[in-house]
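Asker: The following file, my_file36.cif, comprises mmCIF, C-alpha atoms:
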data_input
loop_
_atom_site.label_atom_id
_atom_site.label_comp_id
_atom_site.auth_asym_id
_atom_site.auth_seq_id
_atom_site.Cartn_x
_atom_site.Cartn_y
_atom_site.Cartn_z
CA MET A 1 114.64 79.45 137.12
CA GLY A 2 113.22 77.11 139.73
CA ASN A 3 110.87 79.71 141.14
CA LEU A 4 109.27 80.05 137.72
CA LEU A 5 108.15 76.43 137.60
CA LYS A 6 105.29 75.21 139.70
CA VAL A 7 104.96 71.48 139.29
CA LEU A 8 101.47 70.12 138.82
CA THR A 9 101.00 67.16 141.10
CA CYS A 10 97.37 66.20 140.43
CA ALA A 11 97.24 62.46 139.85
CA ASP A 12 94.63 62.85 137.11
CA LEU A 13 96.95 64.94 134.92
CA GLU A 14 99.18 62.06 133.84
CA GLN A 15 98.55 62.70 130.16
CA GLU A 16 98.90 66.45 130.46
CA PRO A 17 101.99 68.70 130.68
CA ASN A 18 103.17 68.71 134.29
CA PHE A 19 104.42 72.25 134.66
CA PHE A 20 103.12 75.78 135.06
CA LEU A 21 104.06 78.48 132.54
CA ASP A 22 104.73 81.70 134.38
CA PHE A 23 103.18 84.19 131.96
CA GLU A 24 103.53 87.00 134.49
CA ASN A 25 107.14 86.80 135.66
CA ALA A 26 109.24 84.62 133.36
CA GLN A 27 112.66 86.19 132.73
CA PRO A 28 115.13 85.08 130.04
CA THR A 29 118.04 82.85 130.95
CA ASP A 30 121.43 83.44 129.32
CA ALA A 31 120.64 80.74 126.74
CA GLU A 32 117.39 82.48 125.76
CA ARG A 33 118.74 86.03 125.80
CA GLU A 34 119.74 86.46 122.14
CA VAL A 35 116.39 85.39 120.67
CA TRP A 36 114.49 87.07 123.51
CA ASP A 37 116.16 90.42 122.77
CA GLN A 38 115.29 90.19 119.04
CA VAL A 39 111.64 89.44 119.76
CA ASP A 40 111.37 91.99 122.58
CA VAL A 41 112.16 94.83 120.15
CA VAL A 42 109.08 93.83 118.11
CA LEU A 43 106.77 93.18 121.06
CA LYS A 44 107.56 96.61 122.55
CA ASP A 45 105.61 98.14 119.65
CA ALA A 46 102.62 95.77 119.85
CA LYS A 47 100.60 97.74 122.40
CA GLY A 48 101.00 100.97 120.42
CA ILE A 49 99.71 99.20 117.29
CA LEU A 50 96.63 97.93 119.16
CA ASP A 51 96.00 101.40 120.64
CA GLU A 52 96.19 102.99 117.18
CA LEU A 53 93.88 100.37 115.69
CA GLN A 54 91.39 100.77 118.54
CA ALA A 55 91.35 104.55 117.97
CA TYR A 56 90.96 104.18 114.17
CA LYS A 57 87.93 106.22 113.13
CA GLY A 58 88.14 106.16 109.34
CA ALA A 59 87.27 108.81 106.78
CA GLY A 60 83.77 107.55 105.96
CA GLN A 61 82.05 110.91 106.07
CA GLU A 62 84.65 112.75 103.97
CA ILE A 63 84.65 109.93 101.40
CA ARG A 64 80.84 109.91 101.17
CA GLU A 65 80.71 113.65 100.63
CA ALA A 66 83.43 113.50 97.98
CA ILE A 67 81.67 110.70 96.09
CA GLN A 68 78.27 112.45 96.27
CA ASN A 69 79.78 115.71 94.94
CA PRO A 70 82.33 114.60 92.31
CA SER A 71 82.77 118.05 90.82
CA ASP A 72 83.44 119.80 94.14
CA GLU A 73 87.22 119.99 94.23
CA ALA A 74 87.34 121.22 97.83
CA LEU A 75 85.49 118.09 99.01
CA GLN A 76 87.80 115.85 96.93
CA ASP A 77 90.80 117.53 98.57
CA GLN A 78 89.29 117.12 102.03
CA ALA A 79 88.65 113.41 101.51
CA TRP A 80 92.17 112.87 100.19
CA ALA A 81 93.68 114.82 103.09
CA ALA A 82 91.69 112.65 105.53
CA VAL A 83 92.60 109.34 103.87
CA VAL A 84 96.36 109.78 103.30
CA PRO A 85 97.41 109.73 106.99
CA LEU A 86 95.06 106.78 107.61
CA VAL A 87 96.74 104.83 104.82
CA GLY A 88 100.05 105.62 106.51
CA LYS A 89 98.67 103.83 109.59
CA LEU A 90 97.38 100.86 107.57
CA LYS A 91 100.78 100.53 105.94
CA LYS A 92 102.41 100.64 109.40
CA PHE A 93 100.11 97.86 110.70
CA TYR A 94 100.89 95.73 107.64
CA GLU A 95 104.64 96.29 108.04
CA PHE A 96 104.31 95.31 111.71
CA SER A 97 102.78 91.98 110.60
CA GLN A 98 105.99 91.33 108.63
CA ARG A 99 108.11 92.08 111.70
CA LEU A 100 105.89 89.79 113.77
CA GLU A 101 106.40 87.01 111.23
CA ALA A 102 110.18 87.35 111.56
CA ALA A 103 109.89 87.29 115.37
CA LEU A 104 107.74 84.17 115.22
CA HIS A 105 110.35 82.45 113.04
CA SER A 106 113.06 83.19 115.62
CA LEU A 107 110.90 81.83 118.45
CA LEU A 108 109.87 78.70 116.57
CA GLY A 109 113.51 78.09 115.71
CA ALA A 110 114.40 78.15 119.41
CA LEU A 111 111.34 76.29 120.76
CA THR A 112 111.49 73.44 118.24
CA SER A 113 115.28 72.99 118.03
CA LEU A 114 116.94 69.72 118.94
CA THR A 115 118.45 71.22 122.13
CA TYR A 116 115.87 69.36 124.23
CA ASN A 117 114.17 66.03 123.75
CA ASP A 118 110.57 67.19 123.63
CA PRO A 119 108.33 70.29 123.58
CA THR A 120 107.53 69.98 127.28
CA GLN A 121 111.23 70.42 128.11
CA HIS A 122 111.48 73.35 125.70
CA LEU A 123 108.52 75.22 127.18
CA GLU A 124 109.52 74.34 130.74
CA ARG A 125 113.13 75.47 130.40
CA GLU A 126 112.59 78.35 127.96
CA GLN A 127 109.71 80.01 129.76
CA ALA A 128 110.60 83.55 128.72
CA LEU A 129 110.49 82.54 125.03
CA ALA A 130 107.23 80.65 125.61
CA LYS A 131 105.84 83.82 127.19
CA GLN A 132 106.86 85.87 124.15
CA PHE A 133 105.22 83.31 121.85
CA ALA A 134 102.09 83.66 123.99
CA GLU A 135 102.29 87.47 123.72
CA ILE A 136 102.43 87.23 119.91
CA LEU A 137 99.31 85.02 119.93
CA HIS A 138 97.54 87.35 122.34
CA PHE A 139 98.36 90.37 120.16
CA THR A 140 97.24 88.51 117.01
CA LEU A 141 93.79 87.59 118.28
CA ARG A 142 93.26 91.05 119.76
CA PHE A 143 94.33 92.77 116.51
CA ASP A 144 91.95 90.62 114.48
CA GLU A 145 89.05 91.20 116.90
CA LEU A 146 89.54 94.95 116.48
CA LYS A 147 89.97 94.71 112.71
CA MET A 148 86.71 92.78 112.36
CA THR A 149 84.81 95.61 114.03
CA THR A 150 86.47 98.33 111.90
CA PRO A 151 84.95 98.13 108.39
CA ALA A 152 86.32 101.61 107.65
CA ILE A 153 89.77 100.07 107.05
CA GLN A 154 88.88 98.44 103.74
CA ASN A 155 86.67 101.36 102.63
CA ASP A 156 89.47 103.86 103.28
CA PHE A 157 92.07 101.79 101.48
CA SER A 158 89.81 101.14 98.45
CA TYR A 159 89.08 104.85 98.15
CA TYR A 160 92.80 105.63 98.41
CA ARG A 161 93.66 103.18 95.62
CA ARG A 162 90.87 104.38 93.32
CA THR A 163 91.78 108.03 93.84
CA LEU A 164 95.50 107.36 93.42
CA SER A 165 95.03 105.54 90.12
CA ARG A 166 92.82 108.42 88.89
CA MET A 167 95.52 110.92 89.92
CA ARG A 168 98.17 108.90 88.08
CA ILE A 169 96.05 108.77 84.91
CA ASN A 170 95.63 112.55 85.09
CA ASN A 171 99.30 113.10 86.00
CA VAL A 172 98.37 114.82 89.24
CA PRO A 173 101.23 114.61 91.78
CA ALA A 174 100.20 112.69 94.93
CA ASP A 175 101.49 113.33 98.44
CA GLY A 176 104.78 111.48 98.52
CA GLU A 177 105.20 110.52 102.13
CA ASN A 178 102.50 107.89 102.44
CA GLU A 179 102.30 106.90 98.81
CA VAL A 180 102.19 103.16 98.48
CA ASN A 181 103.50 101.66 95.24
CA ASN A 182 101.28 99.29 93.30
CA GLU A 183 102.93 96.06 94.42
CA LEU A 184 102.80 97.07 98.09
CA ALA A 185 99.21 98.26 97.66
CA ASN A 186 98.27 94.81 96.32
CA ARG A 187 99.89 93.09 99.30
CA ILE A 188 98.26 95.46 101.81
CA SER A 189 94.91 94.98 100.09
CA LEU A 190 95.20 91.18 100.32
CA PHE A 191 96.23 91.47 103.96
CA TYR A 192 93.12 93.44 104.97
CA ALA A 193 90.81 91.41 102.71
CA ASP A 194 91.24 88.47 105.08
CA ALA A 195 88.78 88.37 107.99
CA THR A 196 91.65 87.66 110.41
CA PRO A 197 94.78 89.09 108.75
CA MET A 198 97.25 88.67 111.64
CA LEU A 199 96.17 85.08 112.25
CA LYS A 200 96.62 84.32 108.55
CA THR A 201 100.10 85.88 108.70
CA LEU A 202 100.97 83.67 111.70
CA SER A 203 99.55 80.45 110.27
CA ASP A 204 101.20 81.04 106.86
CA SER A 205 104.44 81.85 108.66
CA THR A 206 104.29 78.68 110.79
CA THR A 207 103.52 76.54 107.73
CA LYS A 208 106.43 78.22 105.92
CA PHE A 209 108.70 77.56 108.92
CA VAL A 210 107.83 73.85 108.78
CA SER A 211 108.46 73.63 105.02
CA GLU A 212 111.78 75.51 105.27
CA HIS A 213 113.09 73.23 108.06
CA LYS A 214 112.93 69.85 106.38
CA ASN A 215 115.46 68.47 108.89
CA LEU A 216 112.98 69.07 111.73
CA PRO A 217 110.09 66.65 112.04
CA ILE A 218 106.77 68.53 111.70
CA GLU A 219 105.88 67.07 115.12
CA ASN A 220 108.49 69.34 116.73
CA THR A 221 106.33 72.30 115.71
CA THR A 222 102.86 70.80 116.16
CA ASP A 223 103.76 69.24 119.53
CA CYS A 224 105.06 72.61 120.71
CA LEU A 225 101.64 74.12 119.85
CA SER A 226 99.57 71.30 121.37
CA THR A 227 101.67 71.32 124.57
CA MET A 228 101.18 75.07 124.90
CA ALA A 229 97.40 74.66 124.47
CA MET A 230 97.26 71.94 127.09
CA VAL A 231 99.40 73.90 129.57
CA CYS A 232 96.97 76.84 129.26
CA LYS A 233 93.99 74.50 129.72
CA VAL A 234 95.48 72.90 132.86
CA MET A 235 96.35 76.29 134.38
CA LEU A 236 92.85 77.62 133.73
CA GLU A 237 90.92 74.64 135.06
CA THR A 238 93.01 73.96 138.17
CA PRO A 239 91.89 76.42 140.90
CA GLU A 240 95.12 76.30 142.92
CA TYR A 241 97.16 77.31 139.85
CA ARG A 242 94.66 79.79 138.56
CA SER A 243 94.67 81.46 141.97
CA ARG A 244 98.38 82.18 141.52
CA PHE A 245 97.68 84.63 138.71
CA SER A 246 98.08 88.05 140.24
CA SER A 247 95.42 89.60 137.96
CA GLU A 248 92.24 88.62 136.09
CA GLU A 249 93.94 89.91 132.94
CA THR A 250 96.23 86.88 133.04
CA VAL A 251 93.15 84.65 132.85
CA SER A 252 91.93 86.33 129.66
CA PHE A 253 95.52 86.32 128.33
CA CYS A 254 95.71 82.57 128.97
CA LEU A 255 92.33 81.92 127.31
CA ARG A 256 93.30 83.91 124.24
CA VAL A 257 96.66 82.15 123.97
CA MET A 258 94.98 78.73 124.27
CA VAL A 259 92.62 79.57 121.40
CA GLY A 260 95.45 81.05 119.32
CA VAL A 261 97.61 77.93 119.54
CA ILE A 262 94.62 75.69 118.79
CA ILE A 263 93.94 77.65 115.58
CA LEU A 264 97.61 77.58 114.59
CA TYR A 265 97.77 73.83 115.26
CA ASP A 266 94.65 73.34 113.16
CA TYR A 267 96.32 75.06 110.21
CA VAL A 268 99.75 73.49 110.51
CA HIS A 269 98.92 69.90 111.51
CA PRO A 270 98.04 67.72 108.50
CA VAL A 271 94.71 66.58 110.03
CA GLY A 272 94.11 69.51 112.34
CA ALA A 273 93.05 70.07 115.95
CA PHE A 274 89.64 68.39 115.82
CA ALA A 275 90.66 64.94 114.58
CA LYS A 276 90.72 61.91 116.90
CA SER A 277 94.51 61.77 116.58
CA SER A 278 94.91 65.44 117.64
CA LYS A 279 97.09 65.90 120.70
CA ILE A 280 94.82 68.70 121.96
CA ASP A 281 91.91 67.80 124.21
CA MET A 282 89.42 69.94 122.29
CA LYS A 283 86.42 69.03 124.45
CA GLY A 284 88.39 70.02 127.56
CA CYS A 285 89.53 73.32 126.00
CA ILE A 286 86.00 74.24 124.85
CA LYS A 287 84.66 73.34 128.31
CA VAL A 288 87.23 75.69 129.91
CA LEU A 289 86.02 78.48 127.59
CA LYS A 290 82.36 77.79 128.32
CA ASP A 291 83.04 77.86 132.07
CA GLN A 292 83.99 81.57 131.83
CA PRO A 293 81.47 84.45 131.99
CA PRO A 294 79.79 84.23 128.54
CA ASN A 295 80.34 87.84 127.44
CA SER A 296 84.08 87.47 128.01
CA VAL A 297 84.67 84.51 125.66
CA GLU A 298 82.13 84.82 122.84
CA GLY A 299 84.81 86.32 120.57
CA LEU A 300 87.14 83.40 121.31
CA LEU A 301 84.40 80.80 120.70
CA ASN A 302 83.66 82.57 117.41
CA ALA A 303 87.35 82.38 116.52
CA LEU A 304 87.17 78.57 116.93
CA ARG A 305 83.88 78.44 115.01
CA TYR A 306 84.85 80.59 112.06
CA THR A 307 88.63 80.85 111.71
CA THR A 308 89.75 77.24 112.11
CA LYS A 309 90.41 75.05 109.08
CA HIS A 310 89.12 71.59 110.03
CA LEU A 311 86.11 72.11 112.34
CA ASN A 312 83.63 71.24 109.59
CA ASP A 313 85.51 68.19 108.35
CA GLU A 314 83.47 64.97 108.31
CA SER A 315 85.99 63.40 110.67
CA THR A 316 85.36 65.99 113.41
CA ASN A 317 83.68 64.48 116.46
CA LYS A 318 79.96 65.40 116.49
CA ALA A 319 80.13 66.20 120.21
CA ILE A 320 82.80 68.83 119.55
CA LYS A 321 80.70 70.36 116.73
CA SER A 322 77.63 70.54 118.96
CA MET A 323 79.66 72.14 121.79
CA LEU A 324 80.52 74.97 119.40
CA GLN A 325 77.05 75.41 117.90
#
How does the structure come out when it is put into structure tokens?
Answerer:
Amino acid sequence: MGNLLKVLTCADLEQEPNFFLDFENAQPTDAEREVWDQVDVVLKDAKGILDELQAYKGAGQEIREAIQNPSDEALQDQAWAAVVPLVGKLKKFYEFSQRLEAALHSLLGALTSLTYNDPTQHLEREQALAKQFAEILHFTLRFDELKMTTPAIQNDFSYYRRTLSRMRINNVPADGENEVNNELANRISLFYADATPMLKTLSDSTTKFVSEHKNLPIENTTDCLSTMAMVCKVMLETPEYRSRFSSEETVSFCLRVMVGVIILYDYVHPVGAFAKSSKIDMKGCIKVLKDQPPNSVEGLLNALRYTTKHLNDESTNKAIKSMLQ
């Protein structure tokens, strides 16, 4: 384990976590193995989900033609044939969000347990679990970025629901395999109606975790998030540590994880990430983002601008607001 930890020795980092999270090479210890294995099964499918979402083209043209020619049965059939497999994909993405929620619960259970005295010890000694938590955050922000640029998703699903209810009224049998019952259709519809559906799943799940574990102080969870954010910040702004990343991809991974934990913290902490009492140095984190090539972080800055909960609170420092304008 020792080779995974690179101790930060800068004198000016007294208030910041004094260890390096090895996002590239962390391997599970025996103590981490059980939870790590559970989460690994879910994360193995994450890349495939992102690839499918990135390749999602939608059935816009077929739907338009069907709507413009309501009495042309062949066009109705074509649109339906195009939409059904797409709905199968949308259902799969939604079901993956449920699996991700369960994985997050397992990780939070391990990273906030009373095994160690504080979140720094947890993240330092359970680096492989911290890395998996980071991978979930990275996936979440990437999924939501892709979803935001794919308006076809909601159009396809709305058309599917309208057509299905018409078929039911007329007693026309629908293709069974991808048929989504009404209750599931409502849940899927709500999921995609959110601008950032995976982030909402994660923040709701974290809030639920806190409320279900009344024996754990909420600080165990929020301090885990703030420590993770600060570790990412320190690694990104300290050249000698940043130079240890073997690829530039780790830099963007680290940036995305930092933003993801800030947003989660902002939802779960009673006063959020932007308050004076917040344990996250928001000015420092925003500065780290702004120090990157602008085209590479605009999406992340927008995530802080538009998907956080407390940025526009009166109590938010004006300097922080102006940094994000």
Asker: Can you pull out every residue within 10 Å of Lys290 (chain A), counting all atoms listed in the file, but drop anything in the same chain fewer than 5 positions away, and send it as a ChimeraX atom specification?
Answerer: /A:284-285,296-298,301,323-324
Asker: For the file shown, what are the residues hit by the PyMOL selection byres ((chain A and resi 227) around 8), laid out as a PyMOL selection string?
Answerer: chain A and resi 17+119-120+223-226+228-231+280
Asker: With distances taken over all atoms listed in the file, which of A:Ile67, A:Ala59, A:Leu129, A:Leu108 is nearest to Gln27 (chain A)?
Answerer: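 Nearest to Gln27 (chain A): A:Leu129.
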Asker: Within 6 Å of (87.3, 109.5, 105.5), only C-alpha atoms: residues as a count of residues only?
Answerer: 9
Asker: Check which residues satisfy the PyMOL selection byres ((chain A and resi 236) around 10) in the file shown, then give them as a ChimeraX atom specification.
Answerer: /A:230-235,237-243,245,250-252,254-255,258,285,288-289,291-292
Asker: Could you tell me how far CA of Ala275 (chain A) lies from CA of Leu21 (chain A), in Å and to one decimal?
Answerer: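 Answer for the CA of Ala275 (chain A) to CA of Leu21 (chain A) separation: 26.2 Å.
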Asker: Could you check the closest approach to Phe23 (chain A) for each of A:Lys131, A:Lys200, A:Arg142, A:Arg187 and tell me which residue wins, using only C-alpha atoms?
Answerer: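 Using only C-alpha atoms, Phe23 (chain A) sits closest to A:Lys131.
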Asker: For the atom pair CA of Tyr306 (chain A) and CA of Thr196 (chain A), what is the interatomic distance in Å to one decimal place?
Answerer: 9.9 Å
Asker: For the atom pair CA of Lys47 (chain A) and CA of Phe139 (chain A), what is the interatomic distance in Å to one decimal place?
Answerer: 8.0 Å
Asker: Step by step, work through what the PyMOL selection byres ((chain A and resi 201) around 12) selects in the shown file, and finish by giving those residues as a ChimeraX atom specification.
Answerer: /A:94-105,136-137,140-141,143-144,187-188,190-192,194-200,202-209,264,267
Asker: I'd like to know which of A:Gln54, A:Ser247, A:Thr308, A:Ser277 is closest to Val259 (chain A), using only C-alpha atoms.
Answerer: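 Nearest to Val259 (chain A): A:Thr308.
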Asker: Which is closest to Ala152 (chain A) among A:Lys321, A:Tyr56, A:Ala193, A:Ser71, if we use only C-alpha atoms?
Answerer: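 So, comparing all the options, the nearest one is A:Tyr56.
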Asker: Rank A:Asn295, A:Ser246, A:Asn220, A:Asn317 by their smallest atom-to-atom distance to Gly109 (chain A), using only C-alpha atoms, and report the top residue only.
Answerer: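 Smallest distance to Gly109 (chain A) is found for A:Asn220.
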Asker: Kindly indicate which residue among A:Ile286, A:Leu123, A:Ile262, A:Ala319 lies nearest to Phe20 (chain A), using only C-alpha atoms for the distances.
Answerer: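 Counting only C-alpha atoms, the residue closest to Phe20 (chain A) is A:Leu123.
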